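Peer 1: What follows is the file input.tsv, containing TSV, C-alpha atoms (C1' of nucleotides):
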```tsv
chain	number	residue	atom	x	y	z
A	331	MET	CA	15.96	8.63	-4.53
A	332	ARG	CA	12.31	8.48	-5.50
A	333	LEU	CA	10.40	6.06	-3.27
A	334	ALA	CA	6.75	5.09	-3.69
A	335	THR	CA	4.12	2.89	-2.08
A	336	TRP	CA	0.97	1.63	-3.78
A	337	ASN	CA	-1.76	-0.79	-2.79
A	338	VAL	CA	-2.57	-2.00	-6.30
A	339	ASN	CA	-5.50	-4.32	-5.40
A	340	SER	CA	-4.23	-7.17	-7.61
A	341	VAL	CA	-1.02	-6.73	-9.59
A	342	LYS	CA	-2.42	-8.83	-12.45
A	343	ALA	CA	-5.55	-6.74	-12.80
A	344	ARG	CA	-3.47	-3.56	-12.50
A	345	LEU	CA	-0.49	-4.57	-14.65
A	346	PRO	CA	-1.14	-2.28	-17.65
A	347	ARG	CA	-1.64	0.68	-15.34
A	348	LEU	CA	1.35	-0.27	-13.17
A	349	LEU	CA	3.67	-0.47	-16.19
A	350	ASP	CA	2.47	2.88	-17.56
A	351	TRP	CA	2.87	4.44	-14.12
A	352	LEU	CA	6.42	3.06	-13.65
A	353	ALA	CA	7.45	4.38	-17.05
A	354	ASP	CA	5.95	7.77	-16.28
A	355	LYS	CA	7.03	8.34	-12.67
A	356	ARG	CA	10.28	6.36	-12.76
A	357	PRO	CA	10.43	5.67	-9.02
A	358	ASP	CA	13.69	4.10	-7.85
A	359	VAL	CA	12.02	1.86	-5.28
A	360	VAL	CA	8.36	0.80	-5.16
A	361	CYS	CA	6.51	-0.91	-2.31
A	362	LEU	CA	3.42	-2.78	-3.51
A	363	GLN	CA	0.60	-4.25	-1.44
A	364	GLU	CA	-2.38	-6.48	-2.14
A	365	THR	CA	-0.64	-8.01	-5.11
A	366	LYS	CA	-3.00	-11.00	-4.70
A	367	CYS	CA	-0.43	-13.04	-6.52
A	368	ALA	CA	1.76	-16.05	-5.74
A	369	ALA	CA	5.43	-15.08	-5.60
A	370	ASP	CA	6.31	-17.20	-8.64
A	371	ALA	CA	3.40	-15.74	-10.62
A	372	PHE	CA	4.45	-12.12	-10.12
A	373	PRO	CA	4.95	-10.35	-13.48
A	374	ALA	CA	8.66	-9.85	-12.81
A	375	ALA	CA	9.65	-10.10	-16.49
A	376	GLU	CA	7.32	-7.25	-17.41
A	377	VAL	CA	8.70	-4.86	-14.79
A	378	ALA	CA	12.25	-6.04	-15.59
A	379	GLU	CA	11.81	-4.57	-19.07
A	380	LEU	CA	11.52	-1.20	-17.35
A	381	GLY	CA	14.71	-1.83	-15.39
A	382	TYR	CA	13.28	-3.11	-12.11
A	383	GLU	CA	14.38	-6.03	-10.00
A	384	THR	CA	11.55	-7.72	-8.09
A	385	ALA	CA	11.20	-9.35	-4.70
A	386	ALA	CA	7.71	-10.76	-4.19
A	387	HIS	CA	5.99	-12.45	-1.25
A	388	GLY	CA	2.57	-13.94	-1.87
A	389	ASP	CA	0.57	-17.13	-1.86
A	390	GLY	CA	-2.32	-16.46	-4.17
A	391	ARG	CA	-5.73	-15.06	-3.66
A	392	TRP	CA	-5.33	-12.68	-0.73
A	393	ASN	CA	-2.77	-10.21	0.58
A	394	GLY	CA	0.66	-10.31	-1.07
A	395	VAL	CA	3.44	-7.68	-1.05
A	396	ALA	CA	6.40	-6.91	-3.28
A	397	LEU	CA	9.37	-4.61	-3.71
A	398	LEU	CA	10.59	-3.25	-7.05
A	399	SER	CA	13.92	-1.49	-7.32
A	400	ARG	CA	16.21	-0.15	-10.01
A	401	VAL	CA	18.90	0.85	-7.48
A	402	GLY	CA	19.65	-2.57	-6.03
A	403	LEU	CA	17.65	-5.09	-4.02
A	404	ASP	CA	19.71	-6.90	-1.40
A	405	ALA	CA	19.17	-8.83	1.84
A	406	VAL	CA	15.54	-9.64	1.02
A	407	THR	CA	13.47	-10.72	4.04
A	408	ARG	CA	9.99	-12.20	3.75
A	409	GLY	CA	7.85	-11.76	6.86
A	410	PHE	CA	9.13	-11.07	10.35
A	411	ASP	CA	9.47	-13.01	13.59
A	412	GLY	CA	6.85	-11.07	15.55
A	413	ASP	CA	4.08	-11.67	13.01
A	414	PRO	CA	1.46	-13.53	15.12
A	415	GLY	CA	-0.17	-15.28	12.15
A	416	TYR	CA	-3.94	-15.53	11.89
A	417	ALA	CA	-5.88	-18.44	13.33
A	418	GLY	CA	-8.98	-17.66	11.32
A	419	GLU	CA	-12.41	-17.09	12.71
A	420	PRO	CA	-14.20	-19.50	15.03
A	421	GLU	CA	-16.83	-21.72	13.43
A	422	GLU	CA	-20.35	-21.46	14.76
A	423	GLY	CA	-19.47	-24.10	17.36
A	424	GLY	CA	-16.39	-22.17	18.48
A	425	GLU	CA	-13.54	-24.14	16.89
A	426	ALA	CA	-10.82	-22.00	15.35
A	427	LEU	CA	-9.70	-22.90	11.84
A	428	PHE	CA	-6.22	-23.42	13.22
A	429	PRO	CA	-6.51	-24.64	16.82
A	430	VAL	CA	-3.61	-24.05	19.15
A	431	SER	CA	-2.96	-27.79	19.27
A	432	ASP	CA	-1.86	-27.58	15.62
A	433	GLY	CA	0.91	-25.12	16.53
A	434	PRO	CA	1.14	-21.44	15.75
A	435	PRO	CA	-1.33	-20.10	13.19
A	436	PRO	CA	0.03	-19.57	9.70
A	437	LYS	CA	1.60	-16.24	8.79
A	438	GLU	CA	0.12	-14.37	5.87
A	439	PRO	CA	2.27	-12.66	3.20
A	440	ARG	CA	2.04	-9.12	4.52
A	441	ALA	CA	5.63	-7.86	4.80
A	442	ILE	CA	8.78	-7.92	2.72
A	443	GLY	CA	12.01	-6.06	3.37
A	444	ALA	CA	15.14	-5.35	1.36
A	445	THR	CA	18.10	-3.01	1.27
A	446	CYS	CA	18.05	-0.62	-1.69
A	447	ALA	CA	20.86	1.89	-2.26
A	448	GLY	CA	21.76	1.77	1.41
A	449	VAL	CA	18.21	2.20	2.68
A	450	ARG	CA	16.40	-0.58	4.53
A	451	VAL	CA	12.90	-0.63	2.99
A	452	TRP	CA	9.83	-2.58	4.13
A	453	SER	CA	6.58	-2.97	2.21
A	454	VAL	CA	3.74	-3.86	4.59
A	455	TYR	CA	0.06	-4.65	4.30
A	456	VAL	CA	-1.38	-4.35	7.81
A	457	PRO	CA	-4.43	-6.55	8.52
A	458	ASN	CA	-7.72	-4.73	7.99
A	459	GLY	CA	-9.37	-5.66	11.30
A	460	ARG	CA	-12.87	-5.79	9.81
A	461	VAL	CA	-14.74	-4.43	12.85
A	462	PRO	CA	-13.56	-3.52	16.36
A	463	ASP	CA	-13.22	-6.53	18.69
A	464	HIS	CA	-13.45	-8.98	15.80
A	465	PRO	CA	-10.72	-11.67	15.98
A	466	HIS	CA	-9.19	-10.00	12.93
A	467	TYR	CA	-9.01	-6.71	14.85
A	468	HIS	CA	-7.01	-8.31	17.66
A	469	TYR	CA	-4.80	-9.95	15.03
A	470	LYS	CA	-4.25	-6.47	13.56
A	471	LEU	CA	-3.09	-5.08	16.90
A	472	GLN	CA	-0.79	-8.05	17.56
A	473	TRP	CA	0.61	-7.75	14.05
A	474	LEU	CA	1.36	-4.05	14.60
A	475	ALA	CA	3.06	-4.90	17.91
A	476	GLY	CA	5.25	-7.37	16.05
A	477	LEU	CA	6.04	-4.71	13.45
A	478	ARG	CA	7.07	-2.37	16.26
A	479	ASP	CA	9.58	-4.97	17.46
A	480	LEU	CA	10.92	-5.33	13.93
A	481	VAL	CA	11.37	-1.56	13.63
A	482	ALA	CA	13.04	-1.39	17.04
A	483	ALA	CA	15.51	-4.05	15.92
A	484	GLU	CA	16.37	-2.58	12.51
A	485	LEU	CA	16.04	1.19	12.95
A	486	PRO	CA	19.38	1.68	14.73
A	487	ALA	CA	21.28	0.08	11.83
A	488	GLY	CA	20.89	2.96	9.39
A	489	PRO	CA	18.51	4.67	6.94
A	490	PHE	CA	15.16	2.92	7.34
A	491	VAL	CA	11.64	3.29	5.96
A	492	VAL	CA	8.49	1.22	6.32
A	493	CYS	CA	5.88	1.89	3.67
A	494	GLY	CA	2.50	0.50	2.90
A	495	ASP	CA	-1.17	0.19	3.62
A	496	PHE	CA	-1.38	0.52	7.41
A	497	ASN	CA	-5.17	0.36	7.48
A	498	VAL	CA	-5.03	3.03	10.20
A	499	ALA	CA	-5.79	6.72	9.76
A	500	PRO	CA	-3.29	8.39	12.12
A	501	THR	CA	-5.58	11.26	13.20
A	502	ASP	CA	-9.08	12.62	12.59
A	503	ALA	CA	-7.53	14.91	9.97
A	504	ASP	CA	-6.80	11.78	7.95
A	505	VAL	CA	-10.45	10.86	7.35
A	506	PHE	CA	-13.09	12.83	5.44
A	507	ASP	CA	-15.49	12.86	8.37
A	508	PRO	CA	-14.66	11.43	11.79
A	509	ALA	CA	-18.38	11.00	12.51
A	510	ALA	CA	-18.65	8.59	9.57
A	511	TYR	CA	-16.13	6.27	11.21
A	512	VAL	CA	-17.58	5.98	14.70
A	513	GLY	CA	-17.64	2.31	15.62
A	514	GLN	CA	-15.39	1.33	12.72
A	515	THR	CA	-11.81	0.18	12.44
A	516	HIS	CA	-8.94	2.36	11.18
A	517	VAL	CA	-9.64	5.12	13.71
A	518	THR	CA	-9.89	3.42	17.12
A	519	PRO	CA	-7.55	4.51	19.93
A	520	PRO	CA	-5.73	1.14	20.13
A	521	GLU	CA	-4.99	1.19	16.40
A	522	ARG	CA	-3.73	4.76	16.59
A	523	ALA	CA	-1.69	3.92	19.70
A	524	ALA	CA	-0.04	1.09	17.76
A	525	LEU	CA	0.91	3.57	15.05
A	526	ALA	CA	2.09	6.08	17.64
A	527	SER	CA	4.39	3.43	19.14
A	528	LEU	CA	6.23	3.37	15.80
A	529	HIS	CA	6.74	7.13	16.04
A	530	GLU	CA	8.00	6.74	19.60
A	531	LEU	CA	10.81	4.61	18.17
A	532	GLY	CA	11.76	7.56	15.98
A	533	LEU	CA	9.88	7.03	12.73
A	534	ARG	CA	8.57	10.13	10.96
A	535	ASP	CA	5.42	10.45	8.82
A	536	LEU	CA	7.04	11.83	5.65
A	537	VAL	CA	3.87	13.00	3.89
A	538	ARG	CA	2.24	14.61	6.92
A	539	GLU	CA	5.44	16.43	7.83
A	540	ARG	CA	5.60	17.87	4.33
A	541	TRP	CA	1.91	18.86	4.31
A	542	PRO	CA	0.94	19.46	7.96
A	543	ASP	CA	-2.35	21.21	7.22
A	544	ARG	CA	-3.47	19.69	3.93
A	545	ARG	CA	-6.42	17.42	3.31
A	546	VAL	CA	-4.50	14.40	2.01
A	547	PHE	CA	-6.13	11.07	1.24
A	548	THR	CA	-4.72	7.91	-0.33
A	549	TYR	CA	-7.75	5.60	-0.38
A	550	TRP	CA	-11.31	6.09	-1.55
A	551	ASP	CA	-14.00	3.40	-1.55
A	552	TYR	CA	-15.00	2.30	-5.04
A	553	ARG	CA	-18.65	2.78	-4.15
A	554	ALA	CA	-20.93	5.77	-4.11
A	555	GLY	CA	-18.68	8.12	-6.02
A	556	MET	CA	-16.43	8.51	-3.00
A	557	PHE	CA	-13.37	9.42	-5.06
A	558	HIS	CA	-15.26	11.97	-7.13
A	559	LYS	CA	-16.43	13.63	-3.90
A	560	ASP	CA	-12.98	13.26	-2.31
A	561	LEU	CA	-14.40	11.30	0.60
A	562	GLY	CA	-11.39	9.24	1.54
A	563	MET	CA	-8.80	8.35	4.15
A	564	ARG	CA	-5.05	8.62	4.48
A	565	ILE	CA	-3.99	5.09	5.40
A	566	ASP	CA	-1.04	4.54	3.03
A	567	LEU	CA	2.02	5.86	4.84
A	568	LEU	CA	5.77	6.19	4.44
A	569	LEU	CA	7.36	6.18	7.88
A	570	GLY	CA	11.04	7.02	7.69
A	571	SER	CA	13.99	7.31	10.01
A	572	GLU	CA	15.23	10.69	11.18
A	573	GLU	CA	18.02	10.65	8.60
A	574	LEU	CA	15.55	10.08	5.74
A	575	ALA	CA	13.15	12.74	7.02
A	576	GLY	CA	16.04	15.18	6.82
A	577	ARG	CA	16.54	14.29	3.15
A	578	LEU	CA	12.87	14.84	2.23
A	579	LYS	CA	12.52	17.06	-0.85
A	580	ALA	CA	8.96	16.36	-2.00
A	581	ALA	CA	5.99	14.21	-1.03
A	582	TRP	CA	2.67	13.77	-2.76
A	583	VAL	CA	-0.23	11.48	-3.58
A	584	ASP	CA	-0.55	10.63	-7.25
A	585	ARG	CA	-4.31	11.10	-7.47
A	586	HIS	CA	-4.17	10.78	-11.25
A	587	ALA	CA	-3.50	7.06	-10.82
A	588	ARG	CA	-6.86	6.71	-9.02
A	589	LYS	CA	-8.76	8.08	-12.03
A	590	GLY	CA	-9.85	6.56	-15.32
A	591	THR	CA	-10.40	2.95	-16.26
A	592	LEU	CA	-10.09	0.17	-13.68
A	593	PRO	CA	-8.03	1.95	-11.03
A	594	SER	CA	-7.00	0.53	-7.69
A	595	ASP	CA	-9.03	1.95	-4.81
A	596	HIS	CA	-5.71	3.34	-3.45
A	597	ALA	CA	-3.51	6.00	-5.06
A	598	PRO	CA	0.29	5.73	-5.05
A	599	VAL	CA	2.19	7.87	-2.55
A	600	ILE	CA	5.57	9.19	-3.69
A	601	VAL	CA	8.47	10.86	-1.89
A	602	ASP	CA	11.65	12.32	-3.32
A	603	LEU	CA	14.71	12.14	-1.10
A	604	ASP	CA	17.89	14.10	-1.60
A	605	GLU	CA	21.14	12.21	-1.94
A	606	ALA	CA	22.68	11.01	1.28
A	607	PRO	CA	24.89	13.70	2.84
A	608	ASP	CA	27.98	11.55	2.30
A	609	GLY	CA	26.83	10.25	-1.07
A	610	ASP	CA	28.89	10.73	-4.20
A	611	ILE	CA	26.67	12.75	-6.51
A	612	GLY	CA	29.37	13.14	-9.12
A	613	PRO	CA	31.56	16.03	-10.26
A	614	VAL	CA	30.07	19.50	-10.09
A	615	VAL	CA	29.92	20.74	-13.69
A	616	PRO	CA	28.04	23.89	-14.65
A	617	PRO	CA	25.21	23.33	-17.12
A	618	PRO	CA	25.87	24.40	-20.73
A	619	SER	CA	24.87	27.93	-21.58
A	620	ASN	CA	21.89	27.45	-23.87
A	621	PRO	CA	19.31	30.20	-23.36
A	622	VAL	CA	15.91	29.65	-24.96
A	623	THR	CA	14.69	32.59	-27.06
A	624	LYS	CA	11.58	33.21	-29.11
A	625	ARG	CA	13.52	31.93	-32.08
A	626	GLY	CA	14.38	28.69	-30.30
A	627	ALA	CA	17.43	27.32	-28.56
A	628	LYS	CA	20.75	28.86	-29.34
A	629	LYS	CA	23.13	26.43	-30.98
A	630	LEU	CA	25.81	25.06	-28.73
A	631	PRO	CA	29.39	25.51	-29.93
A	632	GLN	CA	30.70	22.52	-31.80
A	633	ALA	CA	32.95	20.22	-29.84
B	898	DA	C1'	-21.72	6.04	1.37
B	899	DT	C1'	-23.19	0.45	1.62
B	900	DG	C1'	-23.90	2.69	-5.08
B	901	DT	C1'	-17.73	-1.40	-6.89
B	902	DC	C1'	-14.01	-4.20	-7.76
B	903	DC	C1'	-11.25	-8.43	-7.25
B	904	DC	C1'	-10.45	-13.42	-6.69
B	905	DA	C1'	-11.18	-18.46	-6.98
B	906	DG	C1'	-14.26	-22.14	-7.28
B	907	DT	C1'	-19.08	-23.75	-6.87
B	908	DC	C1'	-16.87	-21.70	-12.94
B	909	DT	C1'	-20.89	-17.18	-17.49
B	910	DC	C1'	-22.71	-17.07	-11.25
B	911	DT	C1'	-21.70	-16.88	-6.24
B	912	DG	C1'	-19.58	-15.56	-1.82
B	913	DG	C1'	-16.03	-13.38	0.77
B	914	DG	C1'	-13.00	-9.53	1.48
B	915	DA	C1'	-12.09	-4.66	1.32
```
Can the structure in the file be given as structure tokens, please?

Peer 2:
Amino acid sequence: MRLATWNVNSVKARLPRLLDWLADKRPDVVCLQETKCAADAFPAAEVAELGYETAAHGDGRWNGVALLSRVGLDAVTRGFDGDPGYAGEPEEGGEALFPVSDGPPPKEPRAIGATCAGVRVWSVYVPNGRVPDHPHYHYKLQWLAGLRDLVAAELPAGPFVVCGDFNVAPTDADVFDPAAYVGQTHVTPPERAALASLHELGLRDLVRERWPDRRVFTYWDYRAGMFHKDLGMRIDLLLGSEELAGRLKAAWVDRHARKGTLPSDHAPVIVDLDEAPDGDIGPVVPPPSNPVTKRGAKKLPQA
DNA sequence: ATGTCCCAGTCTCTGGGA
């Protein structure tokens, strides 16, 4: 199974590139974030032409997540119980946009789950946090605590992976220069502790395990030639269960998708998993003998 | 690094978010 995650920064703006990328990479399951698209406006017909089913969760201008699969898409779940919702920021006078008296603050479309070929897959877009101690930062930490509860509930059931834009760089090795991020979000101890709590439940960082010592980034600011200078962060993660980590065959960031005309500011991250140990991979048939020579391929015997 | 891109509404510019 080839599994990918990509913060596309608007699926409508990125549609031509997304379709070309799907046709080229042929992932089996794709987690998308920042689709910035209402669920009923998602370009499902366009991706269906490439063989993908769609499950989308979005309400318009901001956020939005989706799952694409060509290996089945069952038991779709939009959002999760522990999502705290966001009350908005206080006005100058101190009134929240959604006071407590109006009930719980509304949940944003930041998570969608489905079962694809026996694997429980979640696409998540973790709140950005803006700056440390901002209301949005506390929302981010509460949201990650809710995600931890979701993982704790679902992880024991079988193969599980949560993929997406976590807006947290797990370690200092995941940013181009730790000094550049002092006083900023994405690197603070509480954010990293929230991520670590997911690992304590048993989730494994598939890309970092495959490349323990590599400089690997998935996001580069549009400004100041950051991509060209490879000044980025690794904040797009695939966190898989023990069973999936054992099936890991390859993991990489598709930097090519960050180049050229009108890219997202994030690159897709792709992992290839071997078949499940008990999966039926079909009869074992030796390949035809067809050695390539300087004069071209030898003709196969006629049937 | 504060250099760009995206969205919707105020709609051919602006403000907010990242």

Peer 1: Applying 10 Å and all atoms listed in the file, which residues near Val583 (chain A) remain after dropping the ones on its own chain fewer than 3 positions away? List them as a list in words.

Peer 2: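 So the residues in contact are Ala334, Thr335, Trp336, Val537, Val546, Phe547, Thr548, Arg564, Asp566, His586, Ala587, Arg588, His596, Ala597, Pro598, Val599, Ile600 and Val601 of chain A.
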
Peer 1: Can you tell me which residues surround Ala499 (chain A) at a distance of at most 9 Å, considering all atoms listed in the file, apart from same-chain residues fewer than 4 positions away, and format the answer as a list in words?

Peer 2: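 Result of the neighbour search: Ala503, Asp504, Val505, His516, Val517, Glu521, Arg522, Met563, Arg564, Ile565 and Asp566 of chain A.
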
Peer 1: Once you count all atoms listed in the file, what closest atom pair and distance in Å to one decimal does each residue of chain A within 7 Å of chain B have, with rows by chain and rising residue number, as a Markdown table?

Peer 2:
```
| residue | atom | partner | partner_atom | distance |
| --- | --- | --- | --- | --- |
| A:Arg391 | CA | B:DC904 | C1' | 5.8 |
| A:Tyr552 | CA | B:DT901 | C1' | 5.0 |
| A:Arg553 | CA | B:DT901 | C1' | 5.1 |
| A:Ala554 | CA | B:DG900 | C1' | 4.4 |
```

Peer 1: What gap, in Å, lies between CA of Asp413 (chain A) and CA of Ser399 (chain A)?

Peer 2: 24.8 Å

Peer 1: Mind checking which residues fall within 12 Å of Trp473 (chain A), counting all atoms listed in the file, ignoring those fewer than 2 positions away in the same chain, and posting them as a PyMOL selection string?

Peer 2: chain A and resi 409-416+437-438+440-441+454-459+466-471+475-480+496-497+521+524-525

Peer 1: Which value, in Å to one decimal, gives the distance between CA of Leu536 (chain A) and CA of Leu569 (chain A)?

Peer 2: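 Going from CA of Leu536 (chain A) over to CA of Leu569 (chain A) covers 6.1 Å.
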
Peer 1: What's around Pro346 (chain A) at 12 Å? Count only C-alpha atoms (C1' of nucleotides), leave out sequence neighbours fewer than 2 positions away in its own chain, and write the answer as a PyMOL selection string.

Peer 2: chain A and resi 338+340-344+348-353+373+376-377+587+591-594

Peer 1: Please determine, counting only C-alpha atoms, which residue among A:His558, A:Glu539, A:Thr501, A:Gly388 has the shortest atom-to-atom distance to Leu578 (chain A).

Peer 2: A:Glu539

Peer 1: Need the shell around Gly488 (chain A): protein/DNA/RNA residues with any atom at most 10 Å away, counting all atoms listed in the file. Skip same-chain ones fewer than 2 positions apart. Format as a list of chain:residue names?

Peer 2: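 Counting all atoms listed in the file, the residues come to A:Gly448, A:Val449, A:Arg450, A:Glu484, A:Leu485, A:Pro486, A:Phe490, A:Val491, A:Ser571, A:Glu572, A:Glu573, A:Leu574.
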
Peer 1: Kindly give the distance, in Å, that separates CA of Leu397 (chain A) and CA of Arg460 (chain A), rounded to a single decimal.

Peer 2: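 Here the two named atoms are 26.1 Å from each other.
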
Peer 1: Identify which of the residues A:Glu364, A:Asp595, A:Glu605, A:Asp354 lies closest to Pro489 (chain A), counting all atoms listed in the file when measuring atom-to-atom distances.

Peer 2: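 When distances to Pro489 (chain A) are compared using all atoms listed in the file, the smallest one comes from A:Glu605.
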
Peer 1: May I ask which of the residues A:Glu379, A:Asp535, A:Asp358, A:Asp584 is the closest one to Asp602 (chain A), counting all atoms listed in the file?

Peer 2: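 That would be A:Asp358, the residue with the smallest distance to Asp602 (chain A).
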
Peer 1: Complete the atoms of region 529-556 of chain A to N, CA and C atoms and put them out as a CSV table (one decimal), in the frame of the given file.

Peer 2:
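Heads up, here's the output in part-v5.csv:
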```csv
chain,number,residue,atom,x,y,z
A,529,HIS,N,6.1,5.8,16.0
A,529,HIS,CA,6.7,7.1,16.0
A,529,HIS,C,7.6,7.3,17.3
A,530,GLU,N,7.2,6.6,18.4
A,530,GLU,CA,8.0,6.7,19.6
A,530,GLU,C,9.4,6.1,19.4
A,531,LEU,N,9.5,5.2,18.5
A,531,LEU,CA,10.8,4.6,18.2
A,531,LEU,C,11.7,5.6,17.3
A,532,GLY,N,11.0,6.6,16.8
A,532,GLY,CA,11.8,7.6,16.0
A,532,GLY,C,11.3,7.7,14.5
A,533,LEU,N,10.3,6.9,14.1
A,533,LEU,CA,9.9,7.0,12.7
A,533,LEU,C,9.1,8.3,12.5
A,534,ARG,N,9.2,8.9,11.3
A,534,ARG,CA,8.6,10.1,11.0
A,534,ARG,C,7.6,9.9,9.8
A,535,ASP,N,6.5,10.5,9.9
A,535,ASP,CA,5.4,10.4,8.8
A,535,ASP,C,5.8,11.4,7.7
A,536,LEU,N,6.4,10.9,6.6
A,536,LEU,CA,7.0,11.8,5.6
A,536,LEU,C,6.0,12.7,4.9
A,537,VAL,N,4.9,12.2,4.6
A,537,VAL,CA,3.9,13.0,3.9
A,537,VAL,C,3.2,14.0,4.8
A,538,ARG,N,2.9,13.6,6.0
A,538,ARG,CA,2.2,14.6,6.9
A,538,ARG,C,3.2,15.7,7.3
A,539,GLU,N,4.5,15.4,7.5
A,539,GLU,CA,5.4,16.4,7.8
A,539,GLU,C,5.6,17.4,6.7
A,540,ARG,N,5.5,17.0,5.5
A,540,ARG,CA,5.6,17.9,4.3
A,540,ARG,C,4.3,18.7,4.2
A,541,TRP,N,3.2,18.2,4.5
A,541,TRP,CA,1.9,18.9,4.3
A,541,TRP,C,1.1,18.8,5.6
A,542,PRO,N,1.5,19.6,6.6
A,542,PRO,CA,0.9,19.5,8.0
A,542,PRO,C,-0.5,19.8,8.0
A,543,ASP,N,-1.0,20.7,7.1
A,543,ASP,CA,-2.4,21.2,7.2
A,543,ASP,C,-3.2,20.8,6.0
A,544,ARG,N,-2.7,20.0,5.1
A,544,ARG,CA,-3.5,19.7,3.9
A,544,ARG,C,-4.4,18.5,4.2
A,545,ARG,N,-5.5,18.6,3.4
A,545,ARG,CA,-6.4,17.4,3.3
A,545,ARG,C,-5.8,16.5,2.3
A,546,VAL,N,-5.2,15.4,2.8
A,546,VAL,CA,-4.5,14.4,2.0
A,546,VAL,C,-5.1,13.0,2.2
A,547,PHE,N,-5.6,12.4,1.2
A,547,PHE,CA,-6.1,11.1,1.2
A,547,PHE,C,-5.4,10.2,0.3
A,548,THR,N,-5.4,8.9,0.6
A,548,THR,CA,-4.7,7.9,-0.3
A,548,THR,C,-5.6,6.8,-0.8
A,549,TYR,N,-6.8,6.7,-0.1
A,549,TYR,CA,-7.8,5.6,-0.4
A,549,TYR,C,-9.2,6.2,-0.4
A,550,TRP,N,-9.9,5.7,-1.4
A,550,TRP,CA,-11.3,6.1,-1.6
A,550,TRP,C,-12.1,4.8,-1.9
A,551,ASP,N,-13.2,4.6,-1.2
A,551,ASP,CA,-14.0,3.4,-1.6
A,551,ASP,C,-14.4,3.5,-3.0
A,552,TYR,N,-14.5,2.3,-3.6
A,552,TYR,CA,-15.0,2.3,-5.0
A,552,TYR,C,-16.4,2.8,-5.1
A,553,ARG,N,-17.2,2.6,-4.1
A,553,ARG,CA,-18.6,2.8,-4.2
A,553,ARG,C,-19.0,4.2,-3.9
A,554,ALA,N,-20.2,4.5,-4.5
A,554,ALA,CA,-20.9,5.8,-4.1
A,554,ALA,C,-20.2,7.0,-4.5
A,555,GLY,N,-19.4,6.9,-5.5
A,555,GLY,CA,-18.7,8.1,-6.0
A,555,GLY,C,-17.8,8.8,-5.0
A,556,MET,N,-17.2,8.0,-4.1
A,556,MET,CA,-16.4,8.5,-3.0
A,556,MET,C,-15.2,9.3,-3.5
```
